[in-house]
Amino acid sequence: MIILKSIFISYLLALISLHVSLTKASTNGFTTDLIHRDSPQSPSYDASLSPSQRLANAFRRSIHRAQRFKPHARSTPKPELIDAHGEYLMKYSIGTPPVPSFGCLDTGSDIIWTQCKPCLKCFNQNLTLFNPKTSSTYKTIRCNTSECDSMEAGITSCSRTRKNCLYYEPYEDGSFTHGLVSTETLTFASNRGKRVISIPNVIFGCGFRNHMFFVGGESGIIGLGVGNVSLVRQLGPLAQGKFSYCLVSIVSEKSNSSKLNFGAKARVRGRGVVSTPLARKKLDTSYFVTVEGISVGNRRFKLIDDNDAAFSGYEEGNMIVDSGTTLTILPLYSYMKTVEVLNSRVKLKRIKDPQGLLDLCYFAPRKEDSKLKFPRFIFHFKGGADLKLKQDNIFVRTSNVSVCLAAQPFVFELFGIIGNLAQANFLVGFDLNRRTVSFKPTHCDNK
């Protein structure tokens, strides 16, 4: 009896502690770690690969991922078996008792999903599969309800019994997830693991048929897009429609984690902040912004040729801010203008990329890094905001003797992507209520 009483008291104190933590968190927001999939902290880390091989793999995923944003992408799946769903992993737990999970963070997706038992068709994952039968907080969602209809990013239907809500989400590369639309408690570590934030009744996909090209570290996807069931939307008052991240460059020699912030913690303010409106698009899942021009050195030019823009309708929302794409992807017109300016200003010898992936590379031995100086690169956003990239944001070392432009052209497409290399060492903040995105130069290694 004494033991039972002691257990009950401990349980009661834990509930009180959790309530206090959540109350404080709902005012202050919270911060959690983001782990790059190629870092030593990642469950997908392959120690046998060299830094240049990991970089090459990130570039391949980047080029492949760019295809998903094309309007016709789903009708033309690519044969390459490459996982291009995102570059950063978020550690969290699901259910009661909590089961550890790694979600691939995707700012171009709305839904949250994880693999579930019984898995009728699943990819291999290193972590234990979530078993909804062992969780006291798991609930399925009925058909013909607002919760079922809320998953607009995927396709919902009713089960054979006409009772439960099902979802099916296909991706352009031929991968997919299929399962039950459900609710569950998600738990996140905050403040370097010193605090735990538990969020009840999160709508998610419990996938029992999943075909993905993950390598074993991931359990599913955490959608951080603009839709109703993305993580930032479902956090409600805790996030207040705001999130930000500070990405450590993937070429950094430090192994610090990147940071993901929600709510009050996500504010981007102070000296050096530039902000621009988020554009409204028909497929309003990703974060579209309007780039009115690009400067390379003292030359400024438009993102898209006037003759193309006149009939394309791509003047507004012509770039996507995406953490899951590594390279910067430019429409062919602005890419060729960038190359033209660099060829006239950079006096280094042009060479082929040793990795065979990037187009514009220069002979530059590593020992001369301190002497390298390339023309400045600026994105001119709508509203007068100028995003001035650092040299490491737009040029990348691909070998001991080569430095390349970390950009690729989008042939026949009239929009582009600002990738995570360009965003590294900026605090990037999204305010879904005000519909703005902000950038502040920051040393993310020190966060």
# chains A, B, ... in the order shown; residues from 1 in each chain; ligands from 1
call {"tool": "residues_around", "arguments": {"residues": "Asp386 (chain A)", "least_positions_apart": "3", "cutoff": "10 Å", "atoms": "only C-alpha atoms", "output": "list in words"}}
result
Val273, Val274, Ser275, Thr276, Val291, Gly293, Ile294, Ser295, Ile378, Phe379, His380, Phe381, Lys382, Gly383, Leu389 and Phe439 of chain A
call {"tool": "write_last_selection", "arguments": {"atoms": "N, CA and C atoms", "output": "PDB file, in the first residue's frame"}}
result
ATOM      1  N   VAL A 273      18.328  42.468 -39.700  1.00  0.00           N
ATOM      2  CA  VAL A 273      17.189  41.656 -40.137  1.00  0.00           C
ATOM      3  C   VAL A 273      16.578  42.240 -41.410  1.00  0.00           C
ATOM      4  N   VAL A 274      16.295  41.380 -42.382  1.00  0.00           N
ATOM      5  CA  VAL A 274      15.536  41.767 -43.569  1.00  0.00           C
ATOM      6  C   VAL A 274      14.333  40.838 -43.677  1.00  0.00           C
ATOM      7  N   SER A 275      13.186  41.379 -44.097  1.00  0.00           N
ATOM      8  CA  SER A 275      11.953  40.596 -44.184  1.00  0.00           C
ATOM      9  C   SER A 275      11.279  40.834 -45.527  1.00  0.00           C
ATOM     10  N   THR A 276      10.577  39.806 -45.992  1.00  0.00           N
ATOM     11  CA  THR A 276       9.841  39.897 -47.250  1.00  0.00           C
ATOM     12  C   THR A 276       8.545  39.106 -47.126  1.00  0.00           C
ATOM     13  N   VAL A 291      11.471  37.269 -55.701  1.00  0.00           N
ATOM     14  CA  VAL A 291      12.800  37.861 -55.917  1.00  0.00           C
ATOM     15  C   VAL A 291      12.710  38.776 -57.128  1.00  0.00           C
ATOM     16  N   GLY A 293      15.211  40.705 -58.214  1.00  0.00           N
ATOM     17  CA  GLY A 293      16.470  40.768 -58.930  1.00  0.00           C
ATOM     18  C   GLY A 293      17.589  40.108 -58.161  1.00  0.00           C
ATOM     19  N   ILE A 294      18.705  39.893 -58.844  1.00  0.00           N
ATOM     20  CA  ILE A 294      19.918  39.321 -58.256  1.00  0.00           C
ATOM     21  C   ILE A 294      21.085  40.230 -58.616  1.00  0.00           C
ATOM     22  N   SER A 295      21.959  40.467 -57.660  1.00  0.00           N
ATOM     23  CA  SER A 295      23.198  41.194 -57.944  1.00  0.00           C
ATOM     24  C   SER A 295      24.384  40.253 -57.785  1.00  0.00           C
ATOM     25  N   ILE A 378      23.704  38.893 -54.055  1.00  0.00           N
ATOM     26  CA  ILE A 378      22.573  39.444 -53.292  1.00  0.00           C
ATOM     27  C   ILE A 378      21.251  39.058 -53.950  1.00  0.00           C
ATOM     28  N   PHE A 379      20.317  38.568 -53.130  1.00  0.00           N
ATOM     29  CA  PHE A 379      18.930  38.405 -53.565  1.00  0.00           C
ATOM     30  C   PHE A 379      18.176  39.677 -53.193  1.00  0.00           C
ATOM     31  N   HIS A 380      17.516  40.298 -54.179  1.00  0.00           N
ATOM     32  CA  HIS A 380      16.705  41.488 -53.925  1.00  0.00           C
ATOM     33  C   HIS A 380      15.242  41.052 -53.852  1.00  0.00           C
ATOM     34  N   PHE A 381      14.699  41.016 -52.632  1.00  0.00           N
ATOM     35  CA  PHE A 381      13.329  40.562 -52.428  1.00  0.00           C
ATOM     36  C   PHE A 381      12.325  41.692 -52.596  1.00  0.00           C
ATOM     37  N   LYS A 382      11.089  41.298 -52.813  1.00  0.00           N
ATOM     38  CA  LYS A 382       9.982  42.242 -52.830  1.00  0.00           C
ATOM     39  C   LYS A 382       9.899  42.954 -51.480  1.00  0.00           C
ATOM     40  N   GLY A 383       9.645  44.260 -51.518  1.00  0.00           N
ATOM     41  CA  GLY A 383       9.564  45.030 -50.280  1.00  0.00           C
ATOM     42  C   GLY A 383      10.879  45.701 -49.921  1.00  0.00           C
ATOM     43  N   LEU A 389      24.426  37.371 -49.318  1.00  0.00           N
ATOM     44  CA  LEU A 389      25.024  36.086 -48.984  1.00  0.00           C
ATOM     45  C   LEU A 389      26.513  36.235 -48.708  1.00  0.00           C
ATOM     46  N   PHE A 439      15.313  37.122 -42.374  1.00  0.00           N
ATOM     47  CA  PHE A 439      16.683  36.594 -42.335  1.00  0.00           C
ATOM     48  C   PHE A 439      17.548  37.518 -41.483  1.00  0.00           C
TER      49      PHE A 439
END
call {"tool": "residues_around", "arguments": {"residues": "Thr137 (chain A)", "least_positions_apart": "6", "cutoff": "7 Å", "atoms": "only C-alpha atoms", "output": "list in words"}}
result
Gly95, Thr96, Glu184 and Thr185 of chain A
call {"tool": "write_last_selection", "arguments": {"atoms": "C-alpha atoms", "output": "compact mmCIF listing (two decimals), in the first residue's frame"}}
result
# COMPACT_ATOMS: atom_id res chain seq x y z
CA GLY A 95 2.69 7.82 -27.83
CA THR A 96 2.30 6.95 -24.15
CA GLU A 184 -1.38 10.93 -30.71
CA THR A 185 0.83 12.68 -28.17
call {"tool": "closest_atom_pairs", "arguments": {"of": "region 204-303 of chain A", "to": "region 322-343 of chain A", "cutoff": "8 Å", "atoms": "only C-alpha atoms", "output": "Markdown table"}}
result
| residue | atom | partner | partner_atom | distance |
| --- | --- | --- | --- | --- |
| A:Ser286 | CA | A:Asp322 | CA | 7.7 |
| A:Tyr287 | CA | A:Asp322 | CA | 7.2 |
| A:Ile294 | CA | A:Ser334 | CA | 7.8 |
| A:Val296 | CA | A:Thr338 | CA | 6.5 |
| A:Gly297 | CA | A:Val341 | CA | 7.8 |
| A:Arg299 | CA | A:Val341 | CA | 7.5 |
| A:Phe301 | CA | A:Ser334 | CA | 7.3 |
| A:Lys302 | CA | A:Ser334 | CA | 6.8 |
| A:Leu303 | CA | A:Ser334 | CA | 5.1 |
call {"tool": "write_last_selection", "arguments": {"atoms": "C-alpha atoms", "output": "CSV table (one decimal), in the first residue's frame"}}
result
chain,number,residue,atom,x,y,z
A,286,SER,CA,5.9,25.5,-49.7
A,287,TYR,CA,7.3,28.9,-48.7
A,294,ILE,CA,19.9,39.3,-58.3
A,296,VAL,CA,26.5,39.6,-58.7
A,297,GLY,CA,29.3,42.0,-58.0
A,299,ARG,CA,25.7,43.8,-62.0
A,301,PHE,CA,19.6,41.5,-63.3
A,302,LYS,CA,16.1,40.0,-63.0
A,303,LEU,CA,15.5,36.4,-61.9
call {"tool": "closest_residue", "arguments": {"among": "A:Ser219, A:Arg68, A:Asp392, A:Ser39", "to": "Thr128 (chain A)", "atoms": "only C-alpha atoms"}}
result
A:Ser219
call {"tool": "residues_around", "arguments": {"residues": "Lys367 (chain A)", "least_positions_apart": "6", "cutoff": "12 Å", "atoms": "only C-alpha atoms", "output": "PyMOL selection string"}}
result
chain A and resi 397+399-402
call {"tool": "select_by_dssp", "arguments": {"residues": "region 349-429 of chain A", "states": "strand (DSSP E)", "output": "compact mmCIF listing (two decimals) with C-alpha atoms, in the first residue's frame"}}
result
# COMPACT_ATOMS: atom_id res chain seq x y z
CA ARG A 350 38.12 27.11 -64.74
CA ILE A 351 38.20 23.35 -64.24
CA CYS A 361 34.33 25.39 -60.83
CA TYR A 362 37.73 27.00 -60.34
CA PHE A 363 41.21 25.72 -59.57
CA PHE A 377 25.86 37.78 -54.32
CA ILE A 378 22.57 39.44 -53.29
CA PHE A 379 18.93 38.41 -53.57
CA HIS A 380 16.71 41.49 -53.93
CA PHE A 381 13.33 40.56 -52.43
CA ASP A 386 18.28 42.54 -49.68
CA LEU A 387 19.69 39.18 -48.63
CA LYS A 388 23.47 39.54 -48.84
CA LEU A 389 25.02 36.09 -48.98
CA PHE A 395 30.61 28.91 -53.26
CA VAL A 396 31.60 25.49 -51.95
CA ARG A 397 34.83 23.51 -51.88
CA THR A 398 34.34 20.15 -53.62
CA SER A 399 37.95 18.90 -53.37
CA SER A 402 38.34 22.96 -56.55
CA VAL A 403 35.81 25.58 -55.48
CA CYS A 404 32.46 25.64 -57.28
CA LEU A 405 29.36 27.78 -57.59
CA ALA A 407 24.01 26.55 -57.77
CA GLN A 408 22.35 24.72 -60.62
CA PRO A 409 20.02 25.87 -63.40
CA PHE A 410 16.34 24.99 -63.55
CA GLY A 416 14.01 28.76 -58.27
CA ILE A 417 14.92 27.48 -54.82
CA ILE A 418 16.99 29.09 -52.06
CA PHE A 426 21.28 32.99 -41.01
CA LEU A 427 18.48 32.88 -38.48
CA VAL A 428 15.55 32.27 -40.84
CA GLY A 429 12.11 32.97 -39.40
